[in-house]
file model-v7.csv (CSV, C-alpha atoms)
chain,number,residue,atom,x,y,z
V,1,MET,CA,-4.0,24.8,136.3
V,2,SER,CA,-5.1,27.7,134.4
V,3,LYS,CA,-2.4,29.8,136.0
V,4,PHE,CA,0.3,27.7,134.6
V,5,SER,CA,-1.1,27.5,131.1
V,6,LYS,CA,-1.2,31.3,131.0
V,7,LYS,CA,2.6,31.4,131.2
V,8,LYS,CA,2.9,29.6,128.0
V,9,LYS,CA,3.4,32.7,125.9
V,10,GLY,CA,6.1,33.0,123.3
V,11,LEU,CA,9.3,34.8,124.1
V,12,PRO,CA,8.9,38.5,123.9
V,13,ALA,CA,10.8,39.9,120.9
V,14,ILE,CA,14.1,41.5,121.8
V,15,SER,CA,13.8,45.2,121.5
V,16,THR,CA,15.8,46.5,118.6
V,17,ALA,CA,15.1,50.0,119.5
V,18,SER,CA,18.6,50.6,120.8
V,19,LEU,CA,20.3,49.1,117.7
V,20,PRO,CA,20.5,52.4,115.9
V,21,ASP,CA,22.2,53.9,118.9
V,22,ILE,CA,24.8,51.2,118.9
V,23,VAL,CA,25.4,51.6,115.2
V,24,PHE,CA,25.5,55.3,115.5
V,25,MET,CA,28.1,55.0,118.2
V,26,LEU,CA,30.2,52.8,115.9
V,27,LEU,CA,29.7,55.3,113.1
V,28,PHE,CA,30.8,58.2,115.3
V,29,PHE,CA,33.8,56.3,116.5
V,30,PHE,CA,35.0,55.7,112.9
V,31,MET,CA,34.2,59.2,111.8
V,32,VAL,CA,36.3,60.6,114.7
V,33,SER,CA,39.1,58.2,114.7
V,34,THR,CA,39.9,58.2,111.0
V,35,THR,CA,42.1,61.1,110.2
V,36,MET,CA,41.9,62.2,106.7
V,37,ARG,CA,45.2,64.0,107.0
V,38,GLN,CA,46.8,64.2,103.6
V,39,THR,CA,49.1,66.7,102.1
V,40,ASP,CA,47.9,68.2,98.9
V,41,LEU,CA,50.3,67.4,96.2
V,42,ILE,CA,51.6,70.2,94.2
V,43,ILE,CA,53.7,68.0,92.1
V,44,LYS,CA,52.3,65.2,90.0
V,45,LYS,CA,51.3,62.2,92.1
V,46,PRO,CA,54.3,60.0,92.3
V,47,ASP,CA,53.8,56.6,90.7
V,48,LEU,CA,55.5,54.4,93.2
V,49,PRO,CA,57.7,51.5,92.1
V,50,MET,CA,56.8,48.0,93.1
V,51,ALA,CA,58.7,45.8,95.6
V,52,SER,CA,58.0,42.6,97.3
V,53,GLU,CA,60.2,42.8,100.4
V,54,VAL,CA,58.4,45.7,102.0
V,55,LYS,CA,58.1,46.7,105.6
V,56,LYS,CA,55.2,48.5,107.0
V,57,LEU,CA,55.9,51.9,108.5
V,58,GLU,CA,54.8,52.0,112.1
V,59,HIS,CA,54.3,54.9,114.4
V,60,LYS,CA,52.9,57.2,111.7
V,61,SER,CA,53.4,60.3,113.9
V,62,LEU,CA,57.1,59.8,113.7
V,63,VAL,CA,57.2,59.6,109.9
V,64,SER,CA,58.1,62.6,107.8
V,65,THR,CA,57.4,62.3,104.1
V,66,ILE,CA,59.4,63.6,101.2
V,67,TYR,CA,57.7,63.5,97.8
V,68,VAL,CA,59.7,63.4,94.6
V,69,GLY,CA,58.1,63.6,91.2
V,70,LYS,CA,57.6,65.6,88.1
V,71,SER,CA,56.1,69.1,88.2
V,72,LYS,CA,52.6,69.5,87.0
V,73,ASP,CA,53.8,72.2,84.7
V,74,LYS,CA,54.9,70.3,81.6
V,75,ARG,CA,57.6,72.8,80.7
V,76,ILE,CA,59.6,72.0,83.9
V,77,SER,CA,61.4,68.7,83.2
V,78,GLY,CA,63.5,67.9,86.3
V,79,ASP,CA,62.4,66.3,89.5
V,80,GLU,CA,60.7,68.4,92.1
V,81,ILE,CA,60.8,67.7,95.8
V,82,GLN,CA,57.8,68.5,97.9
V,83,VAL,CA,57.4,68.5,101.7
V,84,ASN,CA,54.4,69.8,103.6
V,85,ASP,CA,52.5,71.5,100.8
V,86,LYS,CA,55.5,73.3,99.3
V,87,ILE,CA,58.2,72.6,96.7
V,88,ILE,CA,61.7,72.9,98.1
V,89,LYS,CA,65.2,72.6,96.9
V,90,VAL,CA,67.5,69.8,97.9
V,91,GLY,CA,69.4,72.0,100.2
V,92,ASP,CA,66.2,72.8,102.2
V,93,ILE,CA,65.8,69.3,103.4
V,94,ILE,CA,68.0,69.9,106.4
V,95,SER,CA,65.8,72.6,107.7
V,96,PHE,CA,62.7,70.5,107.0
V,97,ILE,CA,64.1,67.6,109.0
V,98,LEU,CA,65.1,70.0,111.8
V,99,SER,CA,61.6,71.6,111.9
V,100,GLU,CA,60.0,68.1,111.9
V,101,ARG,CA,62.3,67.2,114.8
V,102,SER,CA,61.4,70.3,116.8
V,103,GLN,CA,57.7,69.2,116.7
V,104,ARG,CA,58.5,65.9,118.3
V,105,LYS,CA,59.5,65.0,121.8
V,106,GLU,CA,63.2,64.8,122.3
V,107,ASP,CA,63.3,61.1,123.2
V,108,GLU,CA,61.3,60.3,120.1
V,109,VAL,CA,63.7,61.9,117.7
V,110,LYS,CA,65.8,58.8,117.4
V,111,TYR,CA,62.8,56.8,116.2
V,112,MET,CA,61.9,59.2,113.4
V,113,THR,CA,61.8,57.8,109.9
V,114,THR,CA,61.9,59.6,106.7
V,115,SER,CA,59.7,58.1,104.0
V,116,ILE,CA,60.7,58.9,100.4
V,117,LYS,CA,57.8,58.7,98.1
V,118,ALA,CA,59.4,59.0,94.7
V,119,ASP,CA,58.1,58.4,91.2
V,120,LYS,CA,59.6,55.4,89.5
V,121,LYS,CA,60.8,57.6,86.7
V,122,ALA,CA,62.6,60.0,89.0
V,123,SER,CA,66.4,60.0,88.6
V,124,VAL,CA,68.5,58.3,91.2
V,125,GLY,CA,70.7,61.4,91.3
V,126,THR,CA,67.9,63.3,93.1
V,127,ILE,CA,67.4,60.5,95.5
V,128,LEU,CA,71.1,60.3,96.2
V,129,ASP,CA,71.2,64.0,96.9
V,130,ILE,CA,68.3,63.7,99.3
V,131,LYS,CA,70.1,60.8,101.1
V,132,ASP,CA,73.2,62.8,101.3
V,133,GLN,CA,71.3,65.7,103.0
V,134,LEU,CA,69.7,63.3,105.4
V,135,ARG,CA,73.1,61.9,106.3
V,136,ASP,CA,74.3,65.4,107.0
V,137,VAL,CA,71.5,66.0,109.5
V,138,ASN,CA,71.8,62.5,110.9
V,139,ALA,CA,68.3,61.3,109.9
V,140,LEU,CA,69.5,57.9,109.1
V,141,LYS,CA,66.3,55.8,109.1
V,142,VAL,CA,64.9,55.9,105.6
V,143,SER,CA,62.1,54.0,104.0
V,144,PHE,CA,61.7,54.0,100.2
V,145,SER,CA,58.0,53.9,99.8
V,146,THR,CA,56.8,51.3,97.4
V,147,ARG,CA,53.7,49.4,96.4
V,148,ARG,CA,53.5,45.8,97.3
V,149,GLY,CA,53.7,43.6,94.2
V,150,ASP,CA,55.8,41.3,92.1
V,151,ASN,CA,55.5,43.0,88.7
V,152,PHE,CA,59.0,44.4,88.6
V,153,LYS,CA,58.8,44.8,84.8
V,154,SER,CA,56.6,47.9,85.4
V,155,ASN,CA,59.4,49.5,87.3
V,156,TYR,CA,61.7,50.3,84.4
O,1,MET,CA,-15.3,63.6,115.0
O,2,GLY,CA,-15.7,61.6,118.1
O,3,ARG,CA,-12.8,59.3,117.1
O,4,ARG,CA,-9.6,60.9,118.0
O,5,THR,CA,-6.8,59.8,115.8
O,6,GLU,CA,-4.0,58.7,118.0
O,7,ASN,CA,-0.6,60.1,117.2
O,8,SER,CA,0.9,57.0,115.8
O,9,GLU,CA,4.6,56.5,116.5
O,10,ILE,CA,7.0,57.0,113.7
O,11,ASN,CA,8.5,53.6,112.8
O,12,ALA,CA,12.1,53.7,113.8
O,13,GLY,CA,12.9,50.3,112.6
O,14,SER,CA,14.6,51.5,109.5
O,15,MET,CA,16.8,53.9,111.4
O,16,ALA,CA,19.3,51.1,112.0
O,17,ASP,CA,19.5,50.4,108.3
O,18,ILE,CA,20.2,54.0,107.5
O,19,ALA,CA,22.9,54.1,110.2
O,20,PHE,CA,24.4,50.9,108.8
O,21,LEU,CA,24.5,52.3,105.4
O,22,LEU,CA,26.4,55.3,106.6
O,23,LEU,CA,28.7,53.1,108.6
O,24,ILE,CA,29.5,50.9,105.7
O,25,PHE,CA,30.0,54.0,103.5
O,26,PHE,CA,32.6,55.4,105.9
O,27,LEU,CA,34.3,52.0,106.4
O,28,VAL,CA,34.7,51.6,102.7
O,29,THR,CA,35.8,55.1,101.8
O,30,THR,CA,38.3,55.7,104.5
O,31,THR,CA,41.6,54.3,103.3
O,32,MET,CA,44.1,54.1,106.1
O,33,ASP,CA,46.8,54.7,103.6
O,34,VAL,CA,49.4,52.3,104.9
O,35,ASP,CA,52.8,53.4,104.0
O,36,SER,CA,55.1,50.6,103.3
O,37,GLY,CA,58.5,50.4,101.7
O,38,ILE,CA,62.0,49.2,101.7
O,39,ALA,CA,63.7,50.2,105.0
O,40,ARG,CA,67.3,51.2,104.9
O,41,LYS,CA,69.7,52.6,107.4
O,42,LEU,CA,72.0,55.2,106.0
O,43,PRO,CA,75.6,55.2,107.0
O,44,GLU,CA,76.7,57.9,109.4
O,45,LYS,CA,78.9,60.6,108.1
O,46,THR,CA,82.2,60.5,109.9
O,47,LYS,CA,84.9,63.1,109.8
O,48,VAL,CA,87.6,60.7,110.4
O,49,GLU,CA,88.3,58.7,107.3
O,50,SER,CA,89.1,55.2,108.4
O,51,LYS,CA,91.3,53.1,106.3
O,52,VAL,CA,90.2,49.6,106.0
O,53,THR,CA,91.5,47.3,103.4
O,54,ILE,CA,88.9,45.0,102.0
O,55,LYS,CA,89.8,42.3,99.7
O,56,GLU,CA,88.3,42.6,96.2
O,57,LYS,CA,86.8,39.1,96.5
O,58,ASN,CA,84.7,40.2,99.4
O,59,ILE,CA,82.9,42.8,97.4
O,60,LEU,CA,80.0,42.1,94.9
O,61,ASP,CA,80.2,44.9,92.6
O,62,ILE,CA,76.9,45.9,91.0
O,63,VAL,CA,76.9,48.8,88.6
O,64,VAL,CA,73.9,50.2,86.8
O,65,ASN,CA,74.2,52.9,84.2
O,66,ARG,CA,71.9,55.6,83.1
O,67,ASN,CA,70.2,53.3,80.5
O,68,ASN,CA,69.3,50.9,83.3
O,69,GLN,CA,71.8,48.4,82.1
O,70,LEU,CA,73.4,46.2,84.7
O,71,LEU,CA,76.9,44.9,85.3
O,72,VAL,CA,77.6,42.5,88.1
O,73,GLU,CA,81.2,41.7,88.6
O,74,ASN,CA,81.8,43.1,85.1
O,75,ALA,CA,79.4,40.7,83.5
O,76,ASN,CA,76.2,41.9,81.8
O,77,VAL,CA,73.2,40.5,83.6
O,78,LYS,CA,69.4,40.9,84.0
O,79,VAL,CA,67.8,42.4,87.1
O,80,GLY,CA,66.2,39.1,87.9
O,81,ASP,CA,69.6,37.4,88.2
O,82,ILE,CA,70.8,39.6,91.0
O,83,LYS,CA,69.1,37.7,93.7
O,84,LYS,CA,70.8,34.4,92.8
O,85,LEU,CA,74.2,36.1,92.2
O,86,ALA,CA,74.0,37.9,95.6
O,87,MET,CA,72.9,34.7,97.4
O,88,ASP,CA,75.8,32.7,95.9
O,89,PHE,CA,78.2,35.4,96.8
O,90,ILE,CA,77.0,35.9,100.4
O,91,ASP,CA,76.6,32.3,101.1
O,92,ASN,CA,79.9,31.2,99.6
O,93,GLY,CA,81.9,30.9,102.8
O,94,GLY,CA,85.2,30.3,101.1
O,95,GLY,CA,87.4,31.5,104.0
O,96,LEU,CA,87.4,32.7,107.6
O,97,SER,CA,85.3,35.3,109.4
O,98,ALA,CA,87.0,38.4,110.8
O,99,PRO,CA,88.8,37.8,114.0
O,100,LYS,CA,86.7,39.0,116.9
O,101,ASP,CA,87.7,39.8,120.5
O,102,GLY,CA,91.1,38.3,120.0
O,103,LYS,CA,89.7,35.0,118.8
O,104,PRO,CA,90.9,33.9,115.3
O,105,GLY,CA,88.4,33.9,112.5
O,106,GLU,CA,86.2,30.8,112.0
O,107,PRO,CA,85.0,29.2,108.8
O,108,CYS,CA,81.3,29.6,108.1
O,109,ASP,CA,79.7,26.5,109.4
O,110,TYR,CA,76.2,27.4,108.3
O,111,CYS,CA,76.9,28.3,104.7
O,112,ASN,CA,75.6,26.2,101.8
O,113,GLY,CA,77.7,27.9,99.2
O,114,ALA,CA,80.3,26.6,96.8
O,115,LYS,CA,83.2,27.5,99.1
O,116,ASP,CA,84.9,29.1,96.2
O,117,PRO,CA,88.2,30.7,97.3
O,118,ALA,CA,87.8,33.4,94.7
O,119,SER,CA,84.4,34.6,96.1
O,120,SER,CA,83.5,36.0,99.5
O,121,ASP,CA,85.1,34.6,102.7
O,122,HIS,CA,82.2,34.8,105.1
O,123,PRO,CA,78.7,36.3,105.2
O,124,THR,CA,79.8,38.7,107.8
O,125,LYS,CA,82.5,40.0,105.5
O,126,ALA,CA,80.5,40.0,102.2
O,127,ILE,CA,79.8,43.5,101.0
O,128,ILE,CA,77.5,44.4,98.3
O,129,SER,CA,78.4,47.5,96.5
O,130,LEU,CA,75.7,49.2,94.4
O,131,THR,CA,77.0,52.0,92.1
O,132,SER,CA,74.4,53.8,90.2
O,133,SER,CA,74.5,56.6,87.7
O,134,ARG,CA,72.7,59.8,88.4
O,135,GLY,CA,70.5,59.1,85.4
O,136,THR,CA,69.3,55.7,86.5
O,137,THR,CA,65.6,55.7,87.1
O,138,TYR,CA,64.4,55.3,90.6
O,139,GLY,CA,62.3,52.3,89.7
O,140,MET,CA,65.3,50.4,88.6
O,141,TYR,CA,67.2,51.4,91.7
O,142,ILE,CA,64.3,50.1,93.9
O,143,THR,CA,64.1,46.9,91.9
O,144,ILE,CA,67.8,46.2,92.6
O,145,GLN,CA,67.5,47.1,96.3
O,146,ASN,CA,64.5,44.7,96.4
O,147,GLU,CA,66.5,41.9,94.8
O,148,ILE,CA,69.3,42.4,97.3
O,149,GLU,CA,66.7,42.4,100.1
O,150,MET,CA,65.2,39.2,98.7
O,151,ALA,CA,68.6,37.5,98.7
O,152,TYR,CA,69.2,38.3,102.4
O,153,ASN,CA,65.7,37.3,103.4
O,154,GLU,CA,65.9,34.0,101.6
O,155,LEU,CA,69.3,33.2,103.2
O,156,ARG,CA,67.9,34.1,106.6
O,157,ASN,CA,64.8,32.0,105.9
O,158,ASN,CA,66.9,29.0,105.0
O,159,LEU,CA,69.0,29.3,108.1
O,160,SER,CA,66.1,29.9,110.3
O,161,LEU,CA,64.3,26.8,109.0
O,162,LYS,CA,67.4,24.8,109.8
O,163,LEU,CA,67.9,26.2,113.3
O,164,TYR,CA,64.4,26.8,114.6
O,165,ASN,CA,62.1,25.0,112.1
O,166,ARG,CA,60.4,28.3,111.5
O,167,SER,CA,61.1,30.7,108.7
O,168,TYR,CA,62.6,34.2,109.3
O,169,SER,CA,59.4,35.9,108.1
O,170,ASP,CA,57.3,33.8,110.4
O,171,LEU,CA,59.5,34.6,113.3
O,172,LYS,CA,59.2,38.3,112.6
O,173,LYS,CA,55.4,37.9,112.6
O,174,ASP,CA,55.6,36.0,115.9
O,175,TYR,CA,57.6,38.8,117.4
O,176,LYS,CA,55.0,41.3,116.4
O,177,ASN,CA,52.3,39.3,118.2
O,178,ASP,CA,54.5,38.4,121.2
O,179,LYS,CA,57.4,40.6,122.0
O,180,SER,CA,59.3,37.9,123.9
O,181,GLU,CA,63.0,37.9,124.5
O,182,ALA,CA,63.3,34.4,123.1
O,183,ILE,CA,62.2,35.3,119.7
O,184,LYS,CA,64.3,38.5,119.7
O,185,THR,CA,67.4,36.5,120.4
O,186,LYS,CA,66.6,34.2,117.5
O,187,LEU,CA,66.0,37.2,115.2
O,188,ASP,CA,69.2,38.9,116.3
O,189,ASN,CA,71.1,35.7,115.8
O,190,LEU,CA,69.9,35.4,112.2
O,191,LYS,CA,70.7,39.0,111.5
O,192,ALA,CA,74.1,38.6,112.9
O,193,LYS,CA,74.7,35.5,110.8
O,194,TYR,CA,73.7,37.3,107.6
O,195,PRO,CA,74.2,41.0,108.3
O,196,GLN,CA,73.2,43.3,105.5
O,197,ILE,CA,76.3,45.2,104.4
O,198,ILE,CA,75.4,47.3,101.4
O,199,THR,CA,77.5,50.2,100.3
O,200,GLU,CA,76.7,52.8,97.8
O,201,PRO,CA,79.8,54.6,96.4
O,202,GLU,CA,79.6,57.9,94.6
O,203,PRO,CA,77.5,57.7,91.5
O,204,ILE,CA,79.1,57.5,88.1
O,205,LYS,CA,78.8,60.5,86.0
call {"tool": "encode", "arguments": {"input": "model-v7.csv", "output": "structure tokens"}}
result
Amino acid sequence: MSKFSKKKKGLPAISTASLPDIVFMLLFFFMVSTTMRQTDLIIKKPDLPMASEVKKLEHKSLVSTIYVGKSKDKRISGDEIQVNDKIIKVGDIISFILSERSQRKEDEVKYMTTSIKADKKASVGTILDIKDQLRDVNALKVSFSTRRGDNFKSNY
Amino acid sequence: MGRRTENSEINAGSMADIAFLLLIFFLVTTTMDVDSGIARKLPEKTKVESKVTIKEKNILDIVVNRNNQLLVENANVKVGDIKKLAMDFIDNGGGLSAPKDGKPGEPCDYCNGAKDPASSDHPTKAIISLTSSRGTTYGMYITIQNEIEMAYNELRNNLSLKLYNRSYSDLKKDYKNDKSEAIKTKLDNLKAKYPQIITEPEPIK
């Protein structure tokens, strides 16, 4: 009988020694997979307008972004256009789109989207000029980047 | 001296806590920066100028000047009114659709509008024209675009609830989860019933 009674020990505690390893693995996964890719803005950070009917941009690798906003230099009053860490003129948008295209695979080109991140105080004229250039180069998919919200009063 | 101190193990129990702290820090600080916005398809530039005659009543004329003041069909309105005006205009269904494949045009059997003969004939014919000035602010422009989008989405939602007992936005979500052909035909049908026809003429000086 004594043999049986000996077995009546409590459950051995689950070893938590490998827990740090698991957590570290998670940690490394997140550290590696999150890309911090962000272009440094030379212009003032555009204050995006609000909209409620927004669509998320998918396939981030196929998105080229055009920033429109005021210059950091207060003496320059007009809108500045920035792509890829440099300020460009409206006429250079064609070459920007072409260079973006050359970096992608040929069959992906038709899915490419141009995201326009413009300040809500920018003038529509600049945007229309950009749109005209995009039409010239046949980059027809455009997304006007906005924040999600209902407070339209802040837009104008 | 006889007693040898045993090399006691370093307690690794708190290691997990440290790792968790790091993990949570990274989880919180990394913003994935989801880019969302109003999607638009620009019209292609064609060399050949096609001459199409469009009846005045099939165009909803929205004009915004450089002081962000609005005119819809030559009446002074507020931005918030555009959605309703656009919906009434698109959903009017006062006439026949364009003849297709040799078949004569049909009246709109799904419209709930006033059937006013002075307003648009058919949702597939209704054109929204947005003329802006170069000096209009971008925020105003986006707000108008958003209002127009809202009008279309609500019309599609209403029709979708009637036809499929499920709203258009829900169907879109369904399609994201399950890319089935059945949902796609529904979505395409709704889009064909209320196609977005927005034109932006040359800006006013």
call {"tool": "atom_distance", "arguments": {"input": "model-v7.csv", "atom1": "CA of Asn92 (chain O)", "atom2": "CA of Pro123 (chain O)"}}
result
7.7 Å
call {"tool": "residues_near_point", "arguments": {"input": "model-v7.csv", "point": "(77.0, 57.9, 94.3)", "cutoff": "7 Å", "atoms": "all atoms listed in the file", "output": "NGL selection string"}}
result
(:V and (128)) or (:O and (131-132 or 200-204))
call {"tool": "atom_distance", "arguments": {"input": "model-v7.csv", "atom1": "CA of Ala118 (chain V)", "atom2": "CA of Glu154 (chain O)"}}
result
26.7 Å
call {"tool": "atom_distance", "arguments": {"input": "model-v7.csv", "atom1": "CA of Ile144 (chain O)", "atom2": "CA of Val63 (chain V)"}}
result
24.3 Å
call {"tool": "interface_residues", "arguments": {"input": "model-v7.csv", "of": "chain O", "to": "chain V", "cutoff": "9 Å", "atoms": "only C-alpha atoms", "output": "PyMOL selection string"}}
result
chain O and resi 12-20+22-24+26-27+30-32+34-45+66+68+80+132-143+145-147+149-150+153+202-203
call {"tool": "closest_residue", "arguments": {"input": "model-v7.csv", "among": "O:Ser50, O:Ser129, O:Ser97, O:Ser180", "to": "Tyr194 (chain O)", "atoms": "only C-alpha atoms"}}
result
O:Ser97
call {"tool": "residues_around", "arguments": {"input": "model-v7.csv", "residues": "Ala118 (chain O)", "least_positions_apart": "6", "cutoff": "12 Å", "atoms": "all atoms listed in the file", "output": "list in words"}}
result
Lys55, Glu56, Lys57, Asn58, Ile59, Leu60, Phe89, Asn92, Gly93, Gly94 and Gly95 of chain O
call {"tool": "write_last_selection", "arguments": {"input": "model-v7.csv", "atoms": "C-alpha atoms", "output": "PDB file, in the frame of the given file"}}
result
ATOM      1  CA  LYS O  55      89.800  42.300  99.700  1.00  0.00           C
ATOM      2  CA  GLU O  56      88.300  42.600  96.200  1.00  0.00           C
ATOM      3  CA  LYS O  57      86.800  39.100  96.500  1.00  0.00           C
ATOM      4  CA  ASN O  58      84.700  40.200  99.400  1.00  0.00           C
ATOM      5  CA  ILE O  59      82.900  42.800  97.400  1.00  0.00           C
ATOM      6  CA  LEU O  60      80.000  42.100  94.900  1.00  0.00           C
ATOM      7  CA  PHE O  89      78.200  35.400  96.800  1.00  0.00           C
ATOM      8  CA  ASN O  92      79.900  31.200  99.600  1.00  0.00           C
ATOM      9  CA  GLY O  93      81.900  30.900 102.800  1.00  0.00           C
ATOM     10  CA  GLY O  94      85.200  30.300 101.100  1.00  0.00           C
ATOM     11  CA  GLY O  95      87.400  31.500 104.000  1.00  0.00           C
TER      12      GLY O  95
END
call {"tool": "residues_around", "arguments": {"input": "model-v7.csv", "residues": "Lys191 (chain O)", "least_positions_apart": "6", "cutoff": "12 Å", "atoms": "all atoms listed in the file", "output": "compact mmCIF listing (two decimals) with C-alpha atoms, in the frame of the given file"}}
result
# COMPACT_ATOMS: atom_id res chain seq x y z
CA PRO O 123 78.70 36.30 105.20
CA THR O 124 79.80 38.70 107.80
CA TYR O 152 69.20 38.30 102.40
CA ASN O 153 65.70 37.30 103.40
CA LEU O 155 69.30 33.20 103.20
CA ARG O 156 67.90 34.10 106.60
CA ASN O 157 64.80 32.00 105.90
CA LEU O 159 69.00 29.30 108.10
CA SER O 160 66.10 29.90 110.30
CA TYR O 168 62.60 34.20 109.30
CA LYS O 172 59.20 38.30 112.60
CA LYS O 184 64.30 38.50 119.70
CA THR O 185 67.40 36.50 120.40
CA ILE O 197 76.30 45.20 104.40
call {"tool": "residues_around", "arguments": {"input": "model-v7.csv", "residues": "Thr199 (chain O)", "least_positions_apart": "4", "cutoff": "8 Å", "atoms": "only C-alpha atoms", "output": "ChimeraX atom specification"}}
result
/O:127-130
call {"tool": "residues_around", "arguments": {"input": "model-v7.csv", "residues": "Val72 (chain O)", "least_positions_apart": "4", "cutoff": "10 Å", "atoms": "all atoms listed in the file", "output": "compact mmCIF listing (two decimals) with C-alpha atoms, keeping the file's coordinate frame"}}
result
# COMPACT_ATOMS: atom_id res chain seq x y z
CA LEU O 60 80.00 42.10 94.90
CA ASP O 61 80.20 44.90 92.60
CA ILE O 62 76.90 45.90 91.00
CA VAL O 63 76.90 48.80 88.60
CA VAL O 64 73.90 50.20 86.80
CA ASN O 76 76.20 41.90 81.80
CA VAL O 77 73.20 40.50 83.60
CA LYS O 78 69.40 40.90 84.00
CA VAL O 79 67.80 42.40 87.10
CA ASP O 81 69.60 37.40 88.20
CA ILE O 82 70.80 39.60 91.00
CA LEU O 85 74.20 36.10 92.20
CA ALA O 86 74.00 37.90 95.60
CA SER O 129 78.40 47.50 96.50
CA LEU O 130 75.70 49.20 94.40
call {"tool": "closest_residue", "arguments": {"input": "model-v7.csv", "among": "O:Lys186, O:Ile90, O:Asn165, O:Asp174", "to": "Ile198 (chain O)", "atoms": "all atoms listed in the file"}}
result
O:Ile90
call {"tool": "closest_residue", "arguments": {"input": "model-v7.csv", "among": "V:Ser33, V:Ser77, V:Gln133, V:Ser15", "to": "Ser95 (chain V)", "atoms": "all atoms listed in the file"}}
result
V:Gln133
